[in-house]
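data22.txt, holding compact mmCIF, C-alpha atoms:
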# COMPACT_ATOMS: atom_id res chain seq x y z
CA MET B 171 0.00 0.00 0.00
CA ARG B 172 3.03 2.24 0.24
CA ASN B 173 2.79 3.29 -3.38
CA LEU B 174 -0.54 5.04 -2.95
CA ILE B 175 1.31 8.13 -1.91
CA LYS B 176 4.99 7.75 -2.12
CA ARG B 177 7.62 10.20 -1.09
CA GLU B 178 10.37 11.16 -3.41
CA LEU B 179 13.28 8.94 -2.62
CA ARG B 180 15.62 11.07 -0.60
CA PRO B 181 15.62 9.26 2.70
CA PHE B 182 18.75 10.86 4.11
CA ASN B 183 17.54 14.38 3.55
CA SER B 184 14.89 13.72 6.05
CA LEU B 185 15.43 13.25 9.73
CA ALA B 186 11.81 12.26 10.01
CA THR B 187 12.15 9.27 7.75
CA PHE B 188 15.58 8.45 9.00
CA ASP B 189 14.27 8.45 12.49
CA GLN B 190 11.40 6.16 11.68
CA PHE B 191 13.80 3.55 10.40
CA PHE B 192 16.00 3.62 13.44
CA ASN B 193 13.45 4.62 15.99
CA ASN B 194 14.95 4.69 19.47
CA ASN B 195 18.45 4.06 18.28
CA ALA B 196 18.67 7.59 16.99
CA ALA B 197 18.50 8.91 20.53
CA GLY B 198 22.22 9.18 20.81
CA PHE B 199 22.72 11.78 18.14
CA TRP B 200 19.41 13.59 17.68
CA PRO B 201 18.03 16.17 18.41
CA TYR B 202 20.74 17.51 20.64
CA ASP B 203 23.35 18.40 18.09
CA SER B 204 21.27 18.92 15.01
CA MET B 205 18.52 21.25 13.90
CA MET B 206 15.33 20.05 12.32
CA GLU B 207 14.84 21.77 8.99
CA MET B 208 12.92 19.19 7.02
CA PRO B 209 9.37 19.03 8.35
CA ALA B 210 7.91 15.79 9.60
CA PHE B 211 4.67 14.62 8.07
CA ASN B 212 1.77 12.27 8.62
CA ILE B 213 -0.20 10.60 5.86
CA ILE B 214 -3.72 9.54 6.67
CA GLU B 215 -6.00 7.53 4.46
CA GLU B 216 -9.73 8.00 4.64
CA LYS B 217 -12.49 6.45 2.64
CA ASP B 218 -12.51 9.04 -0.12
CA GLN B 219 -9.29 10.92 0.39
CA TYR B 220 -5.72 11.04 1.61
CA ILE B 221 -4.54 13.71 4.01
CA ILE B 222 -0.96 14.87 4.28
CA GLU B 223 -0.17 16.78 7.45
CA LEU B 224 3.12 18.66 7.48
CA ALA B 225 4.39 20.06 10.78
CA VAL B 226 5.78 23.47 9.84
CA PRO B 227 5.21 25.90 12.70
CA GLY B 228 6.12 29.55 12.53
CA LEU B 229 5.17 30.33 8.95
CA ASN B 230 2.31 32.10 7.16
CA LYS B 231 0.19 30.51 4.50
CA ASP B 232 1.73 32.84 1.91
CA ASP B 233 5.13 31.31 2.53
CA PHE B 234 4.13 28.04 0.89
CA GLN B 235 4.35 27.15 -2.75
CA ILE B 236 2.52 23.98 -3.61
CA GLU B 237 2.48 22.59 -7.09
CA ILE B 238 1.91 19.44 -9.01
CA LYS B 239 4.04 18.44 -11.92
CA ASP B 240 3.05 15.19 -13.52
CA GLN B 241 2.71 12.83 -10.57
CA LEU B 242 4.87 14.86 -8.21
CA LEU B 243 3.35 17.06 -5.53
CA THR B 244 5.91 19.51 -4.20
CA ILE B 245 5.55 21.68 -1.12
CA LYS B 246 8.17 24.36 -0.99
CA VAL B 247 9.11 27.19 1.35
CA GLU B 248 11.80 29.73 0.57
CA LYS B 249 11.79 32.44 3.14
CA GLU B 250 14.34 35.03 4.12
CA GLN B 251 15.30 34.69 7.76
CA SER B 252 13.83 37.94 8.99
CA THR B 253 14.40 37.05 12.63
CA GLU B 254 18.09 37.54 12.14
CA SER B 255 17.76 41.28 11.69
CA GLU B 256 15.03 41.78 14.29
CA GLU B 257 16.95 40.02 16.97
CA ASN B 258 20.37 41.05 15.97
CA GLU B 259 21.60 41.24 19.50
CA SER B 260 20.06 37.94 20.51
CA LYS B 261 22.05 34.83 20.18
CA TYR B 262 20.97 31.26 20.07
CA ILE B 263 21.66 29.11 23.07
CA LYS B 264 19.89 26.15 21.56
CA ARG B 265 18.34 25.71 18.16
CA GLU B 266 16.34 22.62 17.33
CA PHE B 267 14.02 23.72 14.54
CA SER B 268 13.80 26.18 11.68
CA PHE B 269 11.63 25.82 8.60
CA HIS B 270 12.66 28.76 6.47
CA GLN B 271 13.76 26.77 3.51
CA PHE B 272 12.76 23.31 2.47
CA SER B 273 11.19 21.37 -0.34
CA ARG B 274 9.27 18.20 0.23
CA SER B 275 7.86 16.08 -2.60
CA PHE B 276 5.35 13.28 -2.75
CA THR B 277 4.66 10.98 -5.68
CA LEU B 278 0.93 10.76 -6.22
CA ASP B 279 -0.82 7.62 -7.18
CA LYS B 280 -3.00 7.65 -10.30
CA ASN B 281 -6.16 7.30 -8.26
CA ILE B 282 -5.72 10.80 -6.82
CA SER B 283 -7.61 13.58 -8.52
CA LYS B 284 -5.25 16.43 -9.31
CA ASP B 285 -8.16 18.81 -9.85
CA ASP B 286 -9.40 18.36 -6.38
CA ILE B 287 -6.44 19.06 -4.15
CA GLU B 288 -6.96 21.46 -1.30
CA ALA B 289 -4.54 22.86 1.24
CA SER B 290 -4.91 24.78 4.46
CA TYR B 291 -2.56 26.04 7.15
CA GLU B 292 -3.73 25.95 10.72
CA ASN B 293 -1.82 26.17 14.01
CA GLY B 294 1.44 25.44 12.31
CA VAL B 295 0.23 22.38 10.42
CA LEU B 296 -0.12 22.39 6.64
CA ILE B 297 -2.92 20.06 5.64
CA VAL B 298 -3.22 18.82 2.07
CA ASN B 299 -6.38 16.97 1.10
CA LEU B 300 -6.08 14.65 -1.87
CA LYS B 301 -9.34 13.27 -3.19
CA LYS B 302 -9.41 9.74 -4.56
CA ILE B 303 -10.62 9.91 -8.15
CA SER B 304 -8.57 9.45 -11.26
CA ASN B 305 -8.36 12.43 -13.54
CA PRO B 306 -4.84 12.94 -14.88
CA GLU B 307 -3.57 16.40 -15.78
CA ILE B 308 -0.09 17.80 -16.21
CA VAL B 309 0.67 20.87 -14.08
CA LYS B 310 -1.51 22.59 -11.55
CA LYS B 311 -1.00 25.23 -8.87
CA ILE B 312 -2.81 24.87 -5.58
CA GLU B 313 -3.96 27.81 -3.57
CA ILE B 314 -3.77 27.73 0.20
CA LYS B 315 -7.01 28.80 1.72
CA MET U 112 26.55 28.97 36.50
CA ASN U 113 26.28 31.71 33.96
CA SER U 114 24.84 30.64 30.65
CA VAL U 115 22.69 27.82 31.98
CA ILE U 116 19.99 30.09 33.34
CA ILE U 117 17.09 28.10 32.06
CA ARG U 118 17.29 24.39 31.95
CA PRO U 119 14.74 21.67 31.61
CA VAL U 120 14.29 19.80 34.83
CA LYS U 121 11.97 17.09 33.67
CA PHE U 122 11.05 15.47 30.41
CA ASN U 123 8.34 13.11 29.42
CA LYS U 124 9.08 9.46 29.67
CA ASN U 125 9.34 9.36 25.92
CA CYS U 126 12.10 11.89 25.83
CA GLY U 127 14.58 11.02 23.16
CA ALA U 128 14.92 11.29 19.47
CA LYS U 129 11.63 9.94 18.29
CA LEU U 130 9.70 12.53 16.38
CA SER U 131 6.44 10.95 17.31
CA THR U 132 6.98 11.59 20.97
CA SER U 133 5.38 14.37 22.85
CA THR U 134 8.45 16.42 23.69
CA PRO U 135 8.43 19.55 21.58
CA LEU U 136 11.57 20.83 19.92
CA VAL U 137 12.94 24.02 21.42
CA ASN U 138 14.86 27.09 20.31
CA GLN U 139 16.41 29.29 22.97
CA TYR U 140 17.70 32.80 22.49
CA LYS U 141 19.45 35.13 24.84
CA ASN U 142 20.07 38.85 24.80
CA ASP U 143 20.87 41.58 27.34
CA LYS U 144 17.28 41.87 28.45
CA GLY U 145 16.31 38.28 28.86
CA TYR U 146 15.65 34.90 27.38
CA LEU U 147 13.28 33.70 24.70
CA ILE U 148 12.14 30.10 24.39
CA GLU U 149 10.37 28.92 21.26
CA LEU U 150 8.59 25.59 21.43
CA MET U 151 7.41 23.75 18.35
CA VAL U 152 3.77 22.90 19.06
CA PRO U 153 2.07 22.37 15.69
CA GLY U 154 -1.59 21.47 15.92
CA PHE U 155 -2.19 23.03 19.33
CA THR U 156 -4.49 26.01 19.80
CA ASN U 157 -4.05 28.65 22.51
CA GLU U 158 -6.69 26.97 24.64
CA GLU U 159 -4.89 23.67 24.51
CA ILE U 160 -1.67 25.07 25.94
CA ASP U 161 -1.16 25.82 29.58
CA VAL U 162 1.82 27.76 30.88
CA ASN U 163 2.14 27.88 34.62
CA LEU U 164 4.74 29.27 36.98
CA GLU U 165 4.91 27.92 40.49
CA LYS U 166 7.75 29.18 42.62
CA ASN U 167 10.65 28.88 40.23
CA ILE U 168 9.32 26.02 38.11
CA LEU U 169 7.80 26.93 34.78
CA THR U 170 5.50 24.20 33.52
CA ILE U 171 4.35 24.11 29.90
CA GLN U 172 1.64 21.65 29.03
CA GLY U 173 -0.20 20.85 25.84
CA ILE U 174 -3.48 19.09 26.34
CA LYS U 175 -5.55 18.12 23.32
CA SER U 176 -9.19 18.82 24.01
CA VAL U 177 -10.62 16.75 21.18
CA ASN U 178 -9.67 13.24 20.37
CA GLU U 179 -9.14 13.42 16.64
CA VAL U 180 -9.24 9.72 15.98
CA ASN U 181 -11.54 9.00 13.10
CA GLN U 182 -12.66 5.40 12.86
CA GLU U 183 -12.62 5.43 9.09
CA SER U 184 -9.16 6.89 8.80
CA ARG U 185 -5.93 5.03 8.82
CA MET U 186 -2.48 6.42 9.47
CA ILE U 187 -0.25 5.34 6.59
CA GLN U 188 2.80 7.17 7.80
CA ARG U 189 3.42 8.93 11.08
CA GLY U 190 6.16 11.51 11.33
CA PHE U 191 4.83 13.62 14.18
CA SER U 192 2.09 13.43 16.73
CA LYS U 193 -0.18 15.90 18.41
CA GLU U 194 -0.05 14.09 21.69
CA ASN U 195 -0.17 15.82 25.03
CA PHE U 196 3.17 17.03 26.28
CA LYS U 197 4.66 18.44 29.43
CA LEU U 198 7.88 20.33 29.87
CA GLN U 199 9.29 21.95 32.95
CA TYR U 200 12.00 24.53 33.33
CA LYS U 201 13.74 25.74 36.40
CA ILE U 202 13.86 29.52 36.32
CA SER U 203 16.89 31.14 37.85
CA GLU U 204 16.71 33.98 40.37
CA ASN U 205 17.71 36.69 37.95
CA ILE U 206 14.50 36.28 35.91
CA ASP U 207 11.67 38.67 36.68
CA ASN U 208 8.83 36.22 37.33
CA GLU U 209 6.18 38.93 37.18
CA LEU U 210 7.00 39.78 33.59
CA ILE U 211 7.17 36.33 32.02
CA SER U 212 4.91 36.28 28.98
CA ALA U 213 3.84 33.71 26.41
CA SER U 214 2.20 33.69 22.99
CA ASN U 215 1.28 31.02 20.48
CA THR U 216 1.45 31.90 16.81
CA ASN U 217 1.15 29.37 14.00
CA GLY U 218 2.34 26.47 16.07
CA VAL U 219 5.24 28.23 17.77
CA LEU U 220 4.83 28.87 21.49
CA THR U 221 7.07 31.77 22.45
CA ILE U 222 7.90 32.38 26.10
CA TYR U 223 9.75 35.51 27.08
CA LEU U 224 11.68 35.53 30.33
CA PRO U 225 13.00 39.02 31.07
CA LEU U 226 15.90 39.55 33.41
CA LYS U 227 15.31 41.57 36.56
CA SER U 228 16.15 45.18 35.89
CA GLU U 229 18.30 45.49 38.98
CA TYR U 230 20.13 42.32 38.15
CA GLN U 231 23.83 42.79 37.68
CA PRO U 232 25.82 39.87 36.50
CA PHE U 233 28.56 38.87 38.86
CA THR U 234 31.81 40.03 37.46
CA LYS U 235 35.21 39.98 38.96
CA LYS U 236 38.47 40.65 37.37
CA ILE U 237 41.13 38.19 38.24
CA GLU U 238 44.64 39.31 37.96
CA ILE U 239 47.27 37.06 36.65
CA LYS U 240 50.10 37.03 39.07

Can you give me the file's structure in the form of structure tokens?
Amino acid sequence: MRNLIKRELRPFNSLATFDQFFNNNAAGFWPYDSMMEMPAFNIIEEKDQYIIELAVPGLNKDDFQIEIKDQLLTIKVEKEQSTESEENESKYIKREFSFHQFSRSFTLDKNISKDDIEASYENGVLIVNLKKISNPEIVKKIEIK
Amino acid sequence: MNSVIIRPVKFNKNCGAKLSTSTPLVNQYKNDKGYLIELMVPGFTNEEIDVNLEKNILTIQGIKSVNEVNQESRMIQRGFSKENFKLQYKISENIDNELISASNTNGVLTIYLPLKSEYQPFTKKIEIK
């Protein structure tokens, strides 16, 4: 069932995936000496749709670019780090997360309707709803509501 | 005893590297006026987060009000969870407890811990003989 929605194969770019493979064994080297920049995600299957939840706190909905190219759904954020200038005199003691720049792609199965994809951003979670109907199209932009 | 002003005193039992645990990731900043803690709490609303200061222990709790489990849904892949969490910090004496403030914006809980205005860091010049 994994190929219903499949992530682009870049396992070592992603601490989330990496961590799932090794589970507890990763405790020795994460998160204490590394910052999380690639957002973790959940994929949920419902009767008539799939839901991707991406944990990306601290952004605005305008920061996201979501697009579909062929079978690839890409969620991208490219944001200038404005906090640097605002808090010039502050320095980090500890830094475990920052989601100013990332790109995360998912390969969509053919039974997902590309016309019917919706996204919303709420409490730091980007939710993408993918309806299950087949209707292939080439490129489509998705607006975040 | 200088830079470690704020330190966690207690973690959840699941503390470790697992992303699906309920210990939020943390950023900490410091400047002349105080400290700023940012906690990653995606999926939690203001009402679901409780920040409490008792004596010198700051307790931050996330408690989900609604159980979101849908019988017809199935988790294919889990990378993070919106489980309840609890974090505690010991606040040092140079923090002005009255002025601690917190806000939650887009899944980032920001807690500001200002230093007491009369606080002077202990400095002493040591001569090399």

- Query: chain U residues within 7 Å of chain B, counting all atoms listed in the file: which ones, as a VMD selection string?
  - Reply: chain U and resid 127 to 130 136 to 142 151 153 to 156 183 to 191 216 to 219

- Task: Could you jot down the atom CA of Thr170 of chain U to atom CA of Tyr200 of chain U separation for me, Å, one decimal place?
- Result: 6.5 Å

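Going from atom CA of Glu248 of chain B to atom CA of Ala289 of chain B covers 17.7 Å.
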
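Of the residues under consideration (U:Ser192, U:Thr221, U:Ser228, U:Asn163), U:Ser228 shows the shortest atom-to-atom contact distance to Asp207 of chain U when counting all atoms listed in the file.
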
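A straight line drawn from atom CA of Ile314 of chain B to atom CA of Val152 of chain U is 20.9 Å long.
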
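Here the question is which of U:Gly173, U:Thr234, U:Tyr146, U:Glu158 gets nearest to Ile206 of chain U using only C-alpha atoms, and that residue is U:Tyr146.
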
- Query: Which protein, DNA or RNA residues have an atom at most 12 Å from (6.1, 39.1, 24.6), counting all atoms listed in the file? List them as a PyMOL selection string.
  - Reply: chain U and resi 145-149+210-216+220-225

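By chain and then residue number, the residues within 10 Å of Glu288 of chain B are Ile221, Lys284, Ile297, Val298, Asn299, Leu300, Lys301, Ile312, Glu313, Ile314 and Lys315 of chain B, counting only C-alpha atoms and disregarding those fewer than 4 positions away in sequence.
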
Saved selection, atoms kept: C-alpha atoms, as a CSV table (one decimal), in the frame of the given file:
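Just written: selection_36.csv:
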chain,number,residue,atom,x,y,z
B,221,ILE,CA,-4.5,13.7,4.0
B,284,LYS,CA,-5.2,16.4,-9.3
B,297,ILE,CA,-2.9,20.1,5.6
B,298,VAL,CA,-3.2,18.8,2.1
B,299,ASN,CA,-6.4,17.0,1.1
B,300,LEU,CA,-6.1,14.6,-1.9
B,301,LYS,CA,-9.3,13.3,-3.2
B,312,ILE,CA,-2.8,24.9,-5.6
B,313,GLU,CA,-4.0,27.8,-3.6
B,314,ILE,CA,-3.8,27.7,0.2
B,315,LYS,CA,-7.0,28.8,1.7

- For each of U:Glu229, U:Glu238, U:Glu209, U:Glu194, take the minimum atom-to-atom distance to Ile174 of chain U, counting all atoms listed in the file, then give the residue where this is smallest. U:Glu194
